[in-house]
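Colleague: One structure coming up, written as structure tokens, with questions to follow.
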Amino acid sequence: MTDDNNKNSADPKAFARQLVLRAAEPYRQAGSYAWHFAKGKLGGDPAFAGLLARGLLTGRRRILDIGCGQGLLSSWLLAAQASASQGSWPAAWPAAPQPEHVRGVELMQHDVDRADRALREAVAAGRASFACADMCKADFGQADAVVILDVLHYVPIAAQDDVLRRVRTALAPGGVLLLRIGDAAGGLPFKISNWVDFVVTTLRGHRLTQLYCRPLAEWQRVLTGMGFAVQAQPMSEGTPFANVLLVARVPERQTSD
Ligand SMILES: C[S@@+](CC[C@H](N)C(=O)[O-])C[C@H]1O[C@@H](n2cnc3c(N)ncnc32)[C@H](O)[C@@H]1O
């Protein structure tokens with residue numbers, strides 16, 4: 001291990017900054033926009049470092065990322081795994097995730113193309129895959145963890161619930177859903193995030209008429225009703241948004257479906 005690695009391993013913030021560069025690097029081969037976007041999103045969104053610092057994907061072998069965009073979560077987890085295997089990992093963090101496969105499902109073909117181009121080695125090695133599909137129709141297969149970051153609110157409430165029910169079926173006993181939502185009861189920060197989201201998503205080629213949001217308590221009620229054990233964690237540090245990460249666990253032993 002080099003001195004730099006030791007330094008970064010001791011300081012989680014310095015380590016996370018290095019990991020951003022490492023995870024963004026493959027996007028150079030997908031073009032300048034993809035690379036700059038990767039650096040900005042991985043470094044600016046607290047979810048990426050937060051998932052690692054809280055150990056939320058530790059021990060999960062099959063990970064499904066719904067609404068994966070250009071595959072940033074896959075690249076992030078691959079970079080984390082590679083760093084840890086080289087002996088560079090913050091001592092204060094739980095063990096690095098060691099996924100066997102990260103599968104992304106994404107509506108926009110141009111994002112899937114960027115993911116495939118950037119992560120072509122991981123795709124060729126069977127470590128990652130990306131499918132262009134609508135989450136409302138896609139086959140979710142089987143997974144140990146499902147991640148849905150800022151995606152469900154693009155479809156109407158009934159369709160959201162259908163996705164969640166199919167996620168519940170796809171998850172193995174003991175599996176986890178990491179669902180980030182905007183809390184519609186979150187006041188001004190929620191309004192800001194909704195406005196930014198609507199503008200950015202329209203610029204990226206979506207034809208939206210509205211976003212379908214609900215208060216945190218309603219999300220918790222719905223997930224609990226589907227048999228998840230739900231814990232809410234704030235996930236908008238350093239941003240002006242009202243985002244919450246719902247950690248929804250499937251019981252180890254299911255008594256009913
Ligand atoms: C705000 S971005 C979040 C991207 C990624 N989850 C992240 O956190 O970096 C939302 C993503 O969901 C995708 N999306 C929206 N509706 C979808 C649908 N019906 N099926 C699959 N993906 C969808 C969008 O194209 C976009 O890439």
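Ligands are numbered from 1 in the order shown, chains are lettered A, B, ... in the order of the structure tokens, and residues start at 1 in each chain.
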Would you give me, as CSV, each residue of chain A having an atom within 6 Å of an atom of ligand 1, along with its shortest atom pair and that distance in Å to one decimal, using only C-alpha atoms and all ligand atoms and sorting by chain and residue number?

Modeller:
```
residue,atom,partner,partner_atom_place_in_ligand_line,distance
A:Gly67,CA,ligand 1,22 (N),3.7
A:Cys68,CA,ligand 1,6 (N),4.5
A:Gly69,CA,ligand 1,27 (O),3.5
A:Val105,CA,ligand 1,21 (C),5.9
A:Glu106,CA,ligand 1,22 (N),4.0
A:Leu107,CA,ligand 1,21 (C),4.0
A:Met108,CA,ligand 1,25 (O),5.1
A:Ala133,CA,ligand 1,21 (C),5.9
A:Asp134,CA,ligand 1,20 (N),3.7
A:Met135,CA,ligand 1,20 (N),3.8
A:Cys136,CA,ligand 1,19 (N),5.8
A:Leu149,CA,ligand 1,6 (N),4.3
A:Asp150,CA,ligand 1,1 (C),5.0
A:Val151,CA,ligand 1,12 (O),4.5
A:Tyr154,CA,ligand 1,16 (N),5.4
```

Colleague: Could you save those same residues with N, CA, C and O atoms as a PDB file, in the first residue's frame?

Modeller:
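To be explicit, this is the file written out as out-v1.pdb:
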```pdb
ATOM      1  N   GLY A  67     -33.501   2.392 -12.945  1.00  0.00           N
ATOM      2  CA  GLY A  67     -33.336   3.798 -13.330  1.00  0.00           C
ATOM      3  C   GLY A  67     -31.875   4.183 -13.159  1.00  0.00           C
ATOM      4  O   GLY A  67     -31.536   5.200 -12.543  1.00  0.00           O
ATOM      5  N   CYS A  68     -31.002   3.362 -13.750  1.00  0.00           N
ATOM      6  CA  CYS A  68     -29.551   3.444 -13.453  1.00  0.00           C
ATOM      7  C   CYS A  68     -28.854   4.585 -14.169  1.00  0.00           C
ATOM      8  O   CYS A  68     -27.667   4.824 -13.921  1.00  0.00           O
ATOM      9  N   GLY A  69     -29.561   5.294 -15.081  1.00  0.00           N
ATOM     10  CA  GLY A  69     -28.876   6.352 -15.828  1.00  0.00           C
ATOM     11  C   GLY A  69     -27.696   5.775 -16.585  1.00  0.00           C
ATOM     12  O   GLY A  69     -27.791   4.716 -17.213  1.00  0.00           O
ATOM     13  N   VAL A 105     -31.151  -1.157 -15.064  1.00  0.00           N
ATOM     14  CA  VAL A 105     -32.304  -1.052 -15.965  1.00  0.00           C
ATOM     15  C   VAL A 105     -32.556   0.431 -16.162  1.00  0.00           C
ATOM     16  O   VAL A 105     -32.637   1.180 -15.179  1.00  0.00           O
ATOM     17  N   GLU A 106     -32.660   0.874 -17.400  1.00  0.00           N
ATOM     18  CA  GLU A 106     -32.765   2.310 -17.676  1.00  0.00           C
ATOM     19  C   GLU A 106     -33.647   2.538 -18.915  1.00  0.00           C
ATOM     20  O   GLU A 106     -33.529   1.838 -19.913  1.00  0.00           O
ATOM     21  N   LEU A 107     -34.503   3.565 -18.807  1.00  0.00           N
ATOM     22  CA  LEU A 107     -35.449   3.862 -19.883  1.00  0.00           C
ATOM     23  C   LEU A 107     -34.774   4.468 -21.121  1.00  0.00           C
ATOM     24  O   LEU A 107     -35.198   4.217 -22.242  1.00  0.00           O
ATOM     25  N   MET A 108     -33.735   5.276 -20.902  1.00  0.00           N
ATOM     26  CA  MET A 108     -33.165   6.044 -22.012  1.00  0.00           C
ATOM     27  C   MET A 108     -32.002   5.297 -22.674  1.00  0.00           C
ATOM     28  O   MET A 108     -30.987   5.023 -22.023  1.00  0.00           O
ATOM     29  N   ALA A 133     -34.938  -0.558 -20.712  1.00  0.00           N
ATOM     30  CA  ALA A 133     -36.293  -1.067 -20.454  1.00  0.00           C
ATOM     31  C   ALA A 133     -37.035  -0.115 -19.532  1.00  0.00           C
ATOM     32  O   ALA A 133     -36.424   0.627 -18.760  1.00  0.00           O
ATOM     33  N   ASP A 134     -38.347  -0.169 -19.635  1.00  0.00           N
ATOM     34  CA  ASP A 134     -39.230   0.587 -18.742  1.00  0.00           C
ATOM     35  C   ASP A 134     -39.416  -0.235 -17.473  1.00  0.00           C
ATOM     36  O   ASP A 134     -39.820  -1.400 -17.549  1.00  0.00           O
ATOM     37  N   MET A 135     -39.122   0.367 -16.323  1.00  0.00           N
ATOM     38  CA  MET A 135     -39.240  -0.380 -15.059  1.00  0.00           C
ATOM     39  C   MET A 135     -40.656  -0.897 -14.834  1.00  0.00           C
ATOM     40  O   MET A 135     -40.862  -1.832 -14.057  1.00  0.00           O
ATOM     41  N   CYS A 136     -41.644  -0.270 -15.502  1.00  0.00           N
ATOM     42  CA  CYS A 136     -43.035  -0.707 -15.320  1.00  0.00           C
ATOM     43  C   CYS A 136     -43.295  -2.038 -16.014  1.00  0.00           C
ATOM     44  O   CYS A 136     -44.326  -2.670 -15.773  1.00  0.00           O
ATOM     45  N   LEU A 149     -32.800   5.068  -6.924  1.00  0.00           N
ATOM     46  CA  LEU A 149     -32.469   6.419  -6.448  1.00  0.00           C
ATOM     47  C   LEU A 149     -33.153   7.452  -7.340  1.00  0.00           C
ATOM     48  O   LEU A 149     -32.801   7.599  -8.513  1.00  0.00           O
ATOM     49  N   ASP A 150     -34.152   8.123  -6.812  1.00  0.00           N
ATOM     50  CA  ASP A 150     -34.793   9.264  -7.484  1.00  0.00           C
ATOM     51  C   ASP A 150     -35.428   8.864  -8.815  1.00  0.00           C
ATOM     52  O   ASP A 150     -35.218   9.538  -9.830  1.00  0.00           O
ATOM     53  N   VAL A 151     -36.217   7.824  -8.839  1.00  0.00           N
ATOM     54  CA  VAL A 151     -36.764   7.324 -10.100  1.00  0.00           C
ATOM     55  C   VAL A 151     -38.285   7.132 -10.063  1.00  0.00           C
ATOM     56  O   VAL A 151     -38.985   7.481 -11.028  1.00  0.00           O
ATOM     57  N   TYR A 154     -41.389   9.411 -11.400  1.00  0.00           N
ATOM     58  CA  TYR A 154     -41.677   9.721 -12.812  1.00  0.00           C
ATOM     59  C   TYR A 154     -42.928   9.004 -13.313  1.00  0.00           C
ATOM     60  O   TYR A 154     -43.415   9.318 -14.392  1.00  0.00           O
TER      61      TYR A 154
END
```

Colleague: So that I can see what lies close to Gly174 (chain A), please list as a ChimeraX atom specification the residues with an atom at most 10 Å from it, counting only C-alpha atoms and leaving out residues fewer than 2 positions away in the same chain.

Modeller: /A:144-145,171-172,176,249-254

Colleague: Which value, in Å to one decimal, gives the distance between CA of Trp76 (chain A) and CA of Arg28 (chain A)?

Modeller: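 If I compute the distance from CA of Trp76 (chain A) to CA of Arg28 (chain A), I get 14.7 Å.
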
Colleague: Quote the spacing between CA of Arg120 (chain A) and CA of Ile63 (chain A) in Å to one decimal place.

Modeller: 17.9 Å

Colleague: Show which residues sit within 6 Å of Ala170 (chain A), as a VMD selection string. Count only C-alpha atoms, and ignore same-chain residues fewer than 6 positions away.

Modeller: chain A and resid 141 to 143

Colleague: Write out the residues from the selection above, keeping N, CA and C atoms, as a PDB file, in the first residue's frame.

Modeller:
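New file again.pdb:
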```pdb
ATOM      1  N   GLY A 141     -35.952 -10.173 -12.422  1.00  0.00           N
ATOM      2  CA  GLY A 141     -35.152 -11.350 -12.074  1.00  0.00           C
ATOM      3  C   GLY A 141     -35.088 -11.538 -10.560  1.00  0.00           C
ATOM      4  N   GLN A 142     -33.953 -12.002 -10.062  1.00  0.00           N
ATOM      5  CA  GLN A 142     -33.748 -12.212  -8.627  1.00  0.00           C
ATOM      6  C   GLN A 142     -32.591 -11.347  -8.165  1.00  0.00           C
ATOM      7  N   ALA A 143     -32.690 -10.794  -6.985  1.00  0.00           N
ATOM      8  CA  ALA A 143     -31.630  -9.904  -6.493  1.00  0.00           C
ATOM      9  C   ALA A 143     -31.512 -10.015  -4.975  1.00  0.00           C
TER      10      ALA A 143
END
```
